[in-house]
$ cat run34.txt   # compact mmCIF, C-alpha atoms (C1' of nucleotides)
# COMPACT_ATOMS: atom_id res chain seq x y z
CA MET A 1 0.00 0.00 0.00
CA LYS A 2 2.57 2.47 1.16
CA ILE A 3 5.11 1.28 -1.37
CA GLY A 4 2.52 1.57 -4.10
CA THR A 5 1.72 5.17 -3.25
CA HIS A 6 5.39 5.89 -3.09
CA LEU A 7 6.09 4.45 -6.47
CA ILE A 8 3.22 6.36 -7.98
CA ALA A 9 4.43 9.57 -6.45
CA ARG A 10 8.01 9.04 -7.61
CA ASN A 11 7.02 8.24 -11.16
CA LYS A 12 4.14 10.61 -11.47
CA GLU A 13 5.69 12.39 -14.41
CA TYR A 14 6.09 9.18 -16.35
CA LEU A 15 2.54 8.18 -15.59
CA ILE A 16 1.18 11.51 -16.68
CA TYR A 17 3.22 11.32 -19.81
CA GLY A 18 2.05 7.81 -20.57
CA ILE A 19 -1.59 8.68 -20.04
CA SER A 20 -1.24 11.84 -22.11
CA MET A 21 0.35 9.90 -24.89
CA ALA A 22 -2.38 7.28 -24.83
CA LEU A 23 -5.04 9.97 -24.82
CA VAL A 24 -3.51 11.87 -27.67
CA LEU A 25 -3.08 8.71 -29.68
CA PHE A 26 -6.67 7.78 -29.07
CA LEU A 27 -7.80 11.24 -30.05
CA LEU A 28 -5.76 11.16 -33.18
CA LYS A 29 -7.14 7.77 -34.13
CA MET A 30 -10.67 9.06 -33.67
CA LEU A 31 -9.88 12.03 -35.83
CA VAL A 32 -8.37 9.80 -38.43
CA ALA A 33 -11.33 7.48 -38.39
CA HIS A 34 -13.96 10.12 -38.68
CA PHE A 35 -12.78 13.37 -40.17
CA ILE A 36 -9.43 13.34 -41.73
CA VAL A 37 -8.92 12.24 -45.26
CA TYR A 38 -5.99 9.90 -45.47
CA ASN A 39 -4.11 10.81 -48.54
CA TYR A 40 -3.71 14.45 -49.32
CA ARG A 41 -3.66 15.58 -45.72
CA LEU A 42 -1.24 12.98 -44.53
CA ASP A 43 1.67 15.40 -44.46
CA PHE A 44 -0.26 17.79 -42.30
CA PHE A 45 -1.36 14.95 -40.11
CA ILE A 46 2.16 13.68 -39.55
CA GLY A 47 3.36 17.22 -38.95
CA SER A 48 0.75 17.70 -36.29
CA ILE A 49 1.73 14.56 -34.50
CA ALA A 50 5.36 15.54 -34.69
CA ILE A 51 4.70 18.96 -33.21
CA VAL A 52 2.48 17.61 -30.45
CA PHE A 53 4.99 15.02 -29.37
CA THR A 54 7.89 17.38 -29.65
CA VAL A 55 6.10 19.69 -27.24
CA LEU A 56 5.37 16.73 -24.99
CA GLY A 57 9.01 15.71 -25.12
CA VAL A 58 10.15 19.20 -24.22
CA TRP A 59 7.69 19.31 -21.37
CA LEU A 60 8.85 15.91 -20.14
CA ALA A 61 12.47 16.92 -20.22
CA LEU A 62 11.82 20.15 -18.37
CA LYS A 63 9.88 18.33 -15.71
CA LEU A 64 12.45 15.64 -15.18
CA MET A 65 15.60 17.66 -15.33
CA LYS A 66 17.45 17.72 -12.07
CA PRO A 67 18.55 21.20 -11.07
CA LYS A 68 22.24 21.96 -11.05
CA VAL A 69 23.54 22.85 -7.64
CA GLU A 70 25.48 26.03 -7.14
CA THR A 71 27.51 26.32 -3.99
CA ARG A 72 27.62 29.59 -2.20
CA ILE A 73 30.45 30.12 0.21
CA VAL A 74 29.99 31.84 3.52
CA GLU A 75 33.11 32.95 5.27
CA LYS A 76 33.66 31.92 8.81
CA GLU A 77 36.53 33.52 10.65
CA VAL A 78 38.97 31.45 12.62
CA TYR A 79 41.47 33.37 14.70
CA VAL A 80 45.06 32.27 14.91
CA THR A 81 47.96 33.85 16.73
CA ASP A 82 50.87 33.19 14.43
CA PRO A 83 50.55 35.03 11.12
CA ASP A 84 52.87 32.57 9.39
CA SER A 85 50.66 29.69 10.35
CA ILE A 86 47.94 30.87 8.01
CA PRO A 87 47.76 28.40 5.16
CA ILE A 88 47.37 29.66 1.62
CA ASP A 89 43.96 28.89 0.24
CA HIS A 90 44.72 27.34 -3.12
CA ALA A 91 41.10 26.41 -3.57
CA GLU A 92 40.13 30.05 -3.29
CA ILE A 93 42.76 31.03 -5.81
CA ALA A 94 41.39 28.46 -8.22
CA ARG A 95 37.84 29.55 -7.54
CA LEU A 96 38.68 33.13 -8.45
CA GLY A 97 40.47 31.97 -11.57
CA ILE A 98 43.73 33.65 -10.66
CA SER A 99 46.65 32.43 -12.74
CA LYS A 100 50.20 31.75 -11.61
CA ARG A 101 51.59 34.92 -13.10
CA GLU A 102 48.83 37.04 -11.68
CA LEU A 103 49.52 35.61 -8.27
CA GLU A 104 53.18 36.55 -8.59
CA VAL A 105 52.21 40.09 -9.46
CA LEU A 106 49.79 40.17 -6.55
CA GLN A 107 52.51 39.07 -4.17
CA LEU A 108 54.87 41.75 -5.41
CA ILE A 109 52.16 44.38 -5.19
CA SER A 110 51.58 43.40 -1.57
CA ASP A 111 55.34 43.73 -1.02
CA GLY A 112 54.90 47.36 -1.96
CA LEU A 113 56.57 47.32 -5.36
CA SER A 114 55.52 49.72 -8.11
CA ASN A 115 54.42 48.38 -11.48
CA GLU A 116 57.75 49.48 -12.91
CA GLU A 117 59.68 47.54 -10.27
CA ILE A 118 57.51 44.48 -10.76
CA ALA A 119 58.17 44.65 -14.49
CA GLU A 120 61.92 44.70 -13.89
CA LYS A 121 61.80 41.88 -11.39
CA LEU A 122 59.74 39.62 -13.64
CA PHE A 123 61.51 40.67 -16.85
CA ILE A 124 58.31 41.75 -18.51
CA SER A 125 57.09 45.10 -19.79
CA LEU A 126 55.30 47.71 -17.72
CA ASN A 127 52.24 47.26 -19.92
CA THR A 128 52.12 43.56 -19.17
CA VAL A 129 52.25 44.23 -15.46
CA LYS A 130 49.38 46.67 -15.87
CA THR A 131 47.38 44.07 -17.76
CA HIS A 132 48.00 41.47 -15.10
CA SER A 133 47.08 43.77 -12.25
CA SER A 134 44.02 45.03 -14.05
CA THR A 135 42.62 41.54 -14.63
CA LEU A 136 43.63 40.71 -11.08
CA PHE A 137 41.55 43.56 -9.73
CA GLN A 138 38.57 42.38 -11.73
CA LYS A 139 38.93 38.86 -10.42
CA LEU A 140 39.25 40.12 -6.87
CA ASP A 141 36.43 42.57 -7.46
CA VAL A 142 38.42 45.55 -6.23
CA LYS A 143 39.35 48.93 -7.65
CA ARG A 144 42.85 49.60 -6.35
CA ARG A 145 46.02 47.73 -5.52
CA THR A 146 45.71 48.57 -1.85
CA GLN A 147 42.26 47.03 -1.81
CA ALA A 148 43.58 44.02 -3.65
CA VAL A 149 46.22 43.49 -0.98
CA GLU A 150 43.67 43.89 1.78
CA LYS A 151 41.27 41.42 0.23
CA ALA A 152 43.97 38.95 -0.75
CA LYS A 153 45.21 38.81 2.81
CA ARG A 154 41.70 38.42 4.09
CA LEU A 155 41.08 35.51 1.72
CA ASN A 156 44.42 33.92 2.57
CA ILE A 157 45.57 33.80 -1.00
CA ILE A 158 48.89 35.45 -0.25
CA MET B 1 30.40 38.15 -42.25
CA LYS B 2 31.26 37.98 -38.59
CA ILE B 3 27.68 38.57 -37.52
CA GLY B 4 26.43 35.84 -39.84
CA THR B 5 28.77 33.25 -38.36
CA HIS B 6 27.81 34.40 -34.94
CA LEU B 7 24.12 33.98 -35.55
CA ILE B 8 24.62 30.52 -36.98
CA ALA B 9 26.67 29.51 -33.99
CA ARG B 10 24.16 30.84 -31.52
CA ASN B 11 21.22 29.12 -33.16
CA LYS B 12 22.96 25.94 -34.15
CA GLU B 13 20.61 23.81 -32.07
CA TYR B 14 17.53 25.17 -33.80
CA LEU B 15 19.07 24.55 -37.16
CA ILE B 16 19.98 20.99 -36.33
CA TYR B 17 16.52 20.39 -35.00
CA GLY B 18 14.86 21.81 -38.07
CA ILE B 19 17.00 19.79 -40.41
CA SER B 20 16.47 16.63 -38.37
CA MET B 21 12.74 17.15 -38.40
CA ALA B 22 12.67 17.67 -42.12
CA LEU B 23 14.78 14.57 -42.70
CA VAL B 24 12.67 12.39 -40.46
CA LEU B 25 9.48 13.62 -42.09
CA PHE B 26 10.88 12.91 -45.50
CA LEU B 27 11.97 9.45 -44.42
CA LEU B 28 8.58 8.71 -42.98
CA LYS B 29 6.84 9.80 -46.12
CA MET B 30 9.06 7.53 -48.17
CA LEU B 31 8.27 4.65 -45.89
CA VAL B 32 4.59 5.41 -46.11
CA ALA B 33 4.66 5.57 -49.86
CA HIS B 34 6.55 2.37 -50.44
CA PHE B 35 6.30 -0.12 -47.62
CA ILE B 36 3.75 0.57 -44.99
CA VAL B 37 0.15 -0.42 -45.44
CA TYR B 38 -2.09 2.45 -44.46
CA ASN B 39 -4.84 0.87 -42.52
CA TYR B 40 -3.97 -1.83 -40.07
CA ARG B 41 -0.47 -0.53 -39.32
CA LEU B 42 -1.47 3.05 -38.81
CA ASP B 43 -1.37 2.71 -35.05
CA PHE B 44 2.18 1.47 -35.18
CA PHE B 45 3.07 4.20 -37.62
CA ILE B 46 1.68 6.97 -35.45
CA GLY B 47 3.33 5.46 -32.41
CA SER B 48 6.69 5.50 -34.12
CA ILE B 49 6.36 9.12 -35.07
CA ALA B 50 5.30 9.94 -31.55
CA ILE B 51 8.31 8.21 -30.04
CA VAL B 52 10.76 9.74 -32.47
CA PHE B 53 9.52 13.24 -31.89
CA THR B 54 9.28 12.78 -28.18
CA VAL B 55 12.93 11.84 -28.17
CA LEU B 56 13.72 14.81 -30.37
CA GLY B 57 11.75 17.05 -28.04
CA VAL B 58 13.62 15.78 -25.02
CA TRP B 59 16.91 16.22 -26.75
CA LEU B 60 15.95 19.72 -27.84
CA ALA B 61 14.93 20.71 -24.37
CA LEU B 62 18.09 19.37 -22.78
CA LYS B 63 20.22 21.14 -25.34
CA LEU B 64 18.53 24.48 -25.08
CA MET B 65 17.62 24.71 -21.47
CA LYS B 66 19.69 26.87 -19.24
CA PRO B 67 20.51 24.61 -16.34
CA LYS B 68 18.35 25.14 -13.31
CA VAL B 69 20.43 26.35 -10.45
CA GLU B 70 19.88 25.47 -6.89
CA THR B 71 22.00 27.40 -4.43
CA ARG B 72 23.64 25.50 -1.68
CA ILE B 73 25.36 27.35 1.10
CA VAL B 74 28.66 26.07 2.36
CA GLU B 75 30.56 27.48 5.26
CA LYS B 76 34.20 28.13 4.69
CA GLU B 77 36.83 28.78 7.30
CA VAL B 78 38.97 31.83 6.78
CA TYR B 79 42.05 32.03 8.91
CA VAL B 80 42.82 35.48 10.20
CA THR B 81 45.22 36.74 12.76
CA ASP B 82 43.62 37.79 15.96
CA PRO B 83 43.85 41.57 15.94
CA ASP B 84 44.36 41.66 19.67
CA SER B 85 47.23 39.25 19.54
CA ILE B 86 49.48 41.77 17.82
CA PRO B 87 50.11 44.74 20.09
CA ILE B 88 50.58 48.13 18.51
CA ASP B 89 54.05 49.49 19.00
CA HIS B 90 53.36 52.98 20.28
CA ALA B 91 57.02 53.51 21.02
CA GLU B 92 57.83 52.94 17.38
CA ILE B 93 55.16 55.39 16.34
CA ALA B 94 56.63 58.01 18.64
CA ARG B 95 60.13 57.26 17.46
CA LEU B 96 59.12 57.88 13.87
CA GLY B 97 57.35 61.09 14.88
CA ILE B 98 54.04 60.02 13.39
CA SER B 99 51.15 62.19 14.55
CA LYS B 100 47.65 61.09 15.51
CA ARG B 101 46.08 62.30 12.31
CA GLU B 102 48.76 60.75 10.16
CA LEU B 103 48.17 57.45 11.88
CA GLU B 104 44.47 57.65 11.11
CA VAL B 105 45.27 58.26 7.48
CA LEU B 106 47.72 55.38 7.51
CA GLN B 107 45.09 53.05 8.90
CA LEU B 108 42.59 54.04 6.24
CA ILE B 109 45.21 53.62 3.53
CA SER B 110 45.83 50.10 4.74
CA ASP B 111 42.10 49.48 4.61
CA GLY B 112 42.38 50.12 0.90
CA LEU B 113 40.67 53.51 0.75
CA SER B 114 41.60 56.09 -1.87
CA ASN B 115 42.71 59.57 -0.84
CA GLU B 116 39.33 60.86 -1.93
CA GLU B 117 37.51 58.38 0.31
CA ILE B 118 39.79 59.15 3.22
CA ALA B 119 39.09 62.85 2.79
CA GLU B 120 35.35 62.21 2.95
CA LYS B 121 35.63 59.95 5.95
CA LEU B 122 37.75 62.40 7.94
CA PHE B 123 35.89 65.52 6.74
CA ILE B 124 39.02 67.11 5.37
CA SER B 125 40.06 68.10 1.88
CA LEU B 126 41.78 65.86 -0.62
CA ASN B 127 44.80 68.10 -0.50
CA THR B 128 45.11 67.66 3.22
CA VAL B 129 45.03 63.91 2.86
CA LYS B 130 47.76 64.17 0.29
CA THR B 131 49.82 66.30 2.62
CA HIS B 132 49.39 63.84 5.45
CA SER B 133 50.24 60.83 3.37
CA SER B 134 53.19 62.56 1.83
CA THR B 135 54.74 63.42 5.19
CA LEU B 136 53.81 59.94 6.36
CA PHE B 137 55.80 58.40 3.55
CA GLN B 138 58.80 60.52 4.45
CA LYS B 139 58.61 59.48 8.07
CA LEU B 140 58.27 55.84 7.14
CA ASP B 141 60.98 56.28 4.54
CA VAL B 142 58.88 54.81 1.76
CA LYS B 143 57.80 55.98 -1.66
CA ARG B 144 54.29 54.60 -2.09
CA ARG B 145 51.22 53.83 -0.05
CA THR B 146 51.55 50.10 -0.63
CA GLN B 147 55.06 50.22 0.79
CA ALA B 148 53.78 52.25 3.70
CA VAL B 149 51.20 49.59 4.50
CA GLU B 150 53.76 46.81 4.21
CA LYS B 151 56.23 48.58 6.49
CA ALA B 152 53.61 49.70 8.97
CA LYS B 153 52.39 46.15 9.41
CA ARG B 154 55.92 44.89 9.74
CA LEU B 155 56.63 47.47 12.43
CA ASN B 156 53.33 46.75 14.19
CA ILE B 157 52.23 50.34 14.12
CA ILE B 158 48.84 49.47 12.68
C1' DG C 1 51.45 85.27 25.45
C1' DT C 2 54.71 83.22 22.75
C1' DC C 3 56.34 79.53 20.08
C1' DA C 4 56.54 75.21 17.88
C1' DA C 5 54.26 71.58 16.19
C1' DA C 6 50.17 69.84 14.19
C1' DA C 7 46.55 70.33 11.19
C1' DT C 8 44.37 72.44 7.54
C1' DC C 9 44.12 73.92 2.60
C1' DA C 10 45.55 75.55 -2.15
C1' DT C 11 47.84 75.62 -6.63
C1' DA C 12 50.68 73.66 -9.85
C1' DC C 13 53.12 69.97 -11.52
C1' DT C 14 54.97 65.13 -12.25
C1' DT C 15 54.50 60.40 -11.80
C1' DT C 16 52.14 56.28 -11.27
C1' DC C 17 48.14 53.67 -11.71
C1' DG C 18 44.27 51.72 -14.01
C1' DT C 19 41.15 50.85 -18.13
C1' DG C 20 39.98 49.86 -22.86
C1' DT C 21 41.13 48.03 -27.04
C1' DG C 22 43.49 45.22 -29.95
C1' DA C 23 46.72 41.88 -31.12
C1' DG C 24 50.35 38.13 -31.33
C1' DT C 25 52.31 33.70 -29.54
C1' DG C 26 52.69 29.19 -27.61
C1' DA C 27 50.84 25.40 -25.03
C1' DA C 28 47.23 22.44 -23.71
C1' DA C 29 42.82 20.49 -24.39
C1' DT C 30 39.12 18.66 -27.45
C1' DA D 1 42.79 20.64 -36.60
C1' DT D 2 40.62 23.88 -34.00
C1' DT D 3 39.70 26.08 -29.93
C1' DT D 4 40.78 27.89 -25.57
C1' DC D 5 43.62 30.11 -22.37
C1' DA D 6 47.64 32.16 -20.27
C1' DC D 7 50.93 35.31 -21.27
C1' DT D 8 52.82 38.85 -23.63
C1' DC D 9 52.89 43.77 -25.43
C1' DA D 10 51.46 48.44 -27.27
C1' DC D 11 49.08 52.76 -27.28
C1' DA D 12 46.02 56.11 -25.68
C1' DC D 13 43.50 58.21 -22.22
C1' DG D 14 41.64 59.34 -17.77
C1' DA D 15 42.01 58.88 -12.82
C1' DA D 16 44.67 58.74 -8.73
C1' DA D 17 48.69 59.42 -6.27
C1' DG D 18 52.53 61.95 -4.90
C1' DT D 19 55.72 66.30 -4.59
C1' DA D 20 56.88 71.08 -3.94
C1' DT D 21 55.88 75.29 -2.04
C1' DG D 22 53.61 78.34 0.63
C1' DA D 23 50.05 79.88 3.63
C1' DT D 24 46.59 80.08 7.62
C1' DT D 25 44.64 78.33 11.80
C1' DT D 26 44.60 75.39 16.11
C1' DT D 27 46.52 73.58 19.84
C1' DG D 28 49.44 72.49 23.60
C1' DA D 29 53.54 73.39 26.13
C1' DC D 30 56.50 76.61 28.38
$ encode --input "run34.txt" --output "structure tokens"
Amino acid sequence: MKIGTHLIARNKEYLIYGISMALVLFLLKMLVAHFIVYNYRLDFFIGSIAIVFTVLGVWLALKLMKPKVETRIVEKEVYVTDPDSIPIDHAEIARLGISKRELEVLQLISDGLSNEEIAEKLFISLNTVKTHSSTLFQKLDVKRRTQAVEKAKRLNII
Amino acid sequence: MKIGTHLIARNKEYLIYGISMALVLFLLKMLVAHFIVYNYRLDFFIGSIAIVFTVLGVWLALKLMKPKVETRIVEKEVYVTDPDSIPIDHAEIARLGISKRELEVLQLISDGLSNEEIAEKLFISLNTVKTHSSTLFQKLDVKRRTQAVEKAKRLNII
DNA sequence: GTCAAAATCATACTTTCGTGTGAGTGAAAT
DNA sequence: ATTTCACTCACACGAAAGTATGATTTTGAC
């Protein structure tokens, strides 16, 4: 009894679909038998069936599709005494889509270097450093390098 | 040229579906014309069409649907240093001759605020903030605000 | 009350930073 | 083979930051 109800509930969509399909088929057969001329309207007839069942298929799929889960992260602060004991959150870095080079630039920014100095240290042009830091700021959702440093330290990515 | 390609790419699914539908219809008509007896196999015929287009409909829906999202909240631990565990070195501040106001500005700089924002927060002009930060940099013997923050944290004066 | 330091502001100027746009290359993935 | 992505670079422009100089006002100490 209980199992039966359960099964019906779990497969309700399939049941509904099956019944709908049977009904529609029955209806179509009635129409065929009584009103519709076989030959010259056959194309239209087939088209109709196709459309109806396409719609049914779409409806079925929409009903049955399992929703994709999206994780939302809530920060929870844990206080530690030794600053060096703070582990770097590689997962967070990956989540933000920060590349290796960008991370290097971020580290040097937090060391207080200017873009020019960073360029010299990494043997790349000033423009490249600017590009890196600009994309970095977007990924960190900040406007300035000082904010980037503040947020990066808060997120334990440097 | 570019727009054309773009449009085709964006609506590829629709195109494929349309072409598939046309092909299947054509195929069915051929079958009808040559092999299938109209009357007593009509049920089977209609059933086949129904199944085919249901499958197509499902496929279409799965292809086109934006995935349903279901948010799931996950707590994440963020390690931070206990602010109280690092005492502020007032002696060092005095030694460097940093004034009260300058220290305020320094703190706000390390919070990532722009000079403009600092000015608003302290109800003073932008020029005054610049003056403060400039003298601050001299006292800290640094050239930029990022360096100032780095050094200030190292010296435990913020 | 005087004096020095701190705090305020301005003007003008230079430097650095940051964005937008576009583009080329090489490596890895499909 | 084609696409995608990280990395590289350039140029132009606007927005901040920083310096220099000088001035006025507050404040606290002597």
$ atom_distance --input "run34.txt" --atom1 "C1' of DA27 (chain C)" --atom2 "CA of Glu92 (chain A)"
24.7 Å
$ residues_around --input "run34.txt" --residues "DA20 (chain D)" --least-positions-apart "2" --cutoff "12 Å" --atoms "only C-alpha atoms (C1' of nucleotides)" --output "NGL selection string"
(:B and (131 or 134)) or (:C and (11-14)) or (:D and (18 or 22))
$ residues_around --input "run34.txt" --residues "DG24 (chain C)" --least-positions-apart "4" --cutoff "12 Å" --atoms "all atoms listed in the file" --output "JSON list (two decimals) with C-alpha atoms (C1' of nucleotides), in the coordinates of the input"
[["chain", "number", "residue", "atom", "x", "y", "z"],
["D", 7, "DC", "C1'", 50.93, 35.31, -21.27],
["D", 8, "DT", "C1'", 52.82, 38.85, -23.63],
["D", 9, "DC", "C1'", 52.89, 43.77, -25.43],
["D", 10, "DA", "C1'", 51.46, 48.44, -27.27]]
$ residues_around --input "run34.txt" --residues "DA16 (chain D)" --least-positions-apart "4" --cutoff "12 Å" --atoms "all atoms listed in the file" --output "PyMOL selection string"
(chain A and resi 143-145) or (chain B and resi 113-117+126+130+145) or (chain C and resi 15-18)
$ atom_distance --input "run34.txt" --atom1 "CA of Val55 (chain A)" --atom2 "CA of Thr54 (chain B)"
7.7 Å
$ atom_distance --input "run34.txt" --atom1 "CA of Glu77 (chain A)" --atom2 "CA of Glu150 (chain B)"
22.7 Å
$ closest_residue --input "run34.txt" --among "D:DT24, D:DT3, D:DA15, D:DA29" --to "DC9 (chain C)" --atoms "only C-alpha atoms (C1' of nucleotides)"
D:DT24
$ interface_residues --input "run34.txt" --of "chain C" --to "chain B" --cutoff "8 Å" --atoms "only C-alpha atoms (C1' of nucleotides)" --output "PyMOL selection string"
chain C and resi 6+8-10
$ axis_aligned_box --input "run34.txt" --around "region 100-110 of chain B" --padding-each-side "8 Å" --output "AutoDock Vina command-line options"
--center_x 45.7 --center_y 56.2 --center_z 9.5 --size_x 22.2 --size_y 28.2 --size_z 28.0
$ closest_residue --input "run34.txt" --among "C:DT19, C:DT30, C:DT25, C:DA7" --to "DT25 (chain D)" --atoms "all atoms listed in the file"
C:DA7
$ residues_near_point --input "run34.txt" --point "(42.0, 51.6, -27.4)" --cutoff "10 Å" --atoms "only C-alpha atoms (C1' of nucleotides)" --output "CSV table (one decimal) with C-alpha atoms (C1' of nucleotides), in the frame of the given file"
chain,number,residue,atom,x,y,z
C,19,DT,C1',41.2,50.8,-18.1
C,20,DG,C1',40.0,49.9,-22.9
C,21,DT,C1',41.1,48.0,-27.0
C,22,DG,C1',43.5,45.2,-30.0
D,10,DA,C1',51.5,48.4,-27.3
D,11,DC,C1',49.1,52.8,-27.3
D,12,DA,C1',46.0,56.1,-25.7
D,13,DC,C1',43.5,58.2,-22.2
$ residues_around --input "run34.txt" --residues "Val80 (chain B)" --least-positions-apart "4" --cutoff "9 Å" --atoms "all atoms listed in the file" --output "PyMOL selection string"
chain A and resi 77-81+83+86+153-156
$ write_last_selection --input "run34.txt" --atoms "C-alpha atoms" --output "PDB file, in the frame of the given file"
ATOM      1  CA  GLU A  77      36.530  33.520  10.650  1.00  0.00           C
ATOM      2  CA  VAL A  78      38.970  31.450  12.620  1.00  0.00           C
ATOM      3  CA  TYR A  79      41.470  33.370  14.700  1.00  0.00           C
ATOM      4  CA  VAL A  80      45.060  32.270  14.910  1.00  0.00           C
ATOM      5  CA  THR A  81      47.960  33.850  16.730  1.00  0.00           C
ATOM      6  CA  PRO A  83      50.550  35.030  11.120  1.00  0.00           C
ATOM      7  CA  ILE A  86      47.940  30.870   8.010  1.00  0.00           C
ATOM      8  CA  LYS A 153      45.210  38.810   2.810  1.00  0.00           C
ATOM      9  CA  ARG A 154      41.700  38.420   4.090  1.00  0.00           C
ATOM     10  CA  LEU A 155      41.080  35.510   1.720  1.00  0.00           C
ATOM     11  CA  ASN A 156      44.420  33.920   2.570  1.00  0.00           C
TER      12      ASN A 156
END
$ closest_residue --input "run34.txt" --among "A:Ala152, A:Ile98, A:Ile88, A:Val52" --to "chain D" --atoms "only C-alpha atoms (C1' of nucleotides)"
A:Ile98
$ closest_residue --input "run34.txt" --among "B:Ile51, B:Leu136, B:Val149, B:Ile73" --to "chain A" --atoms "only C-alpha atoms"
B:Ile73
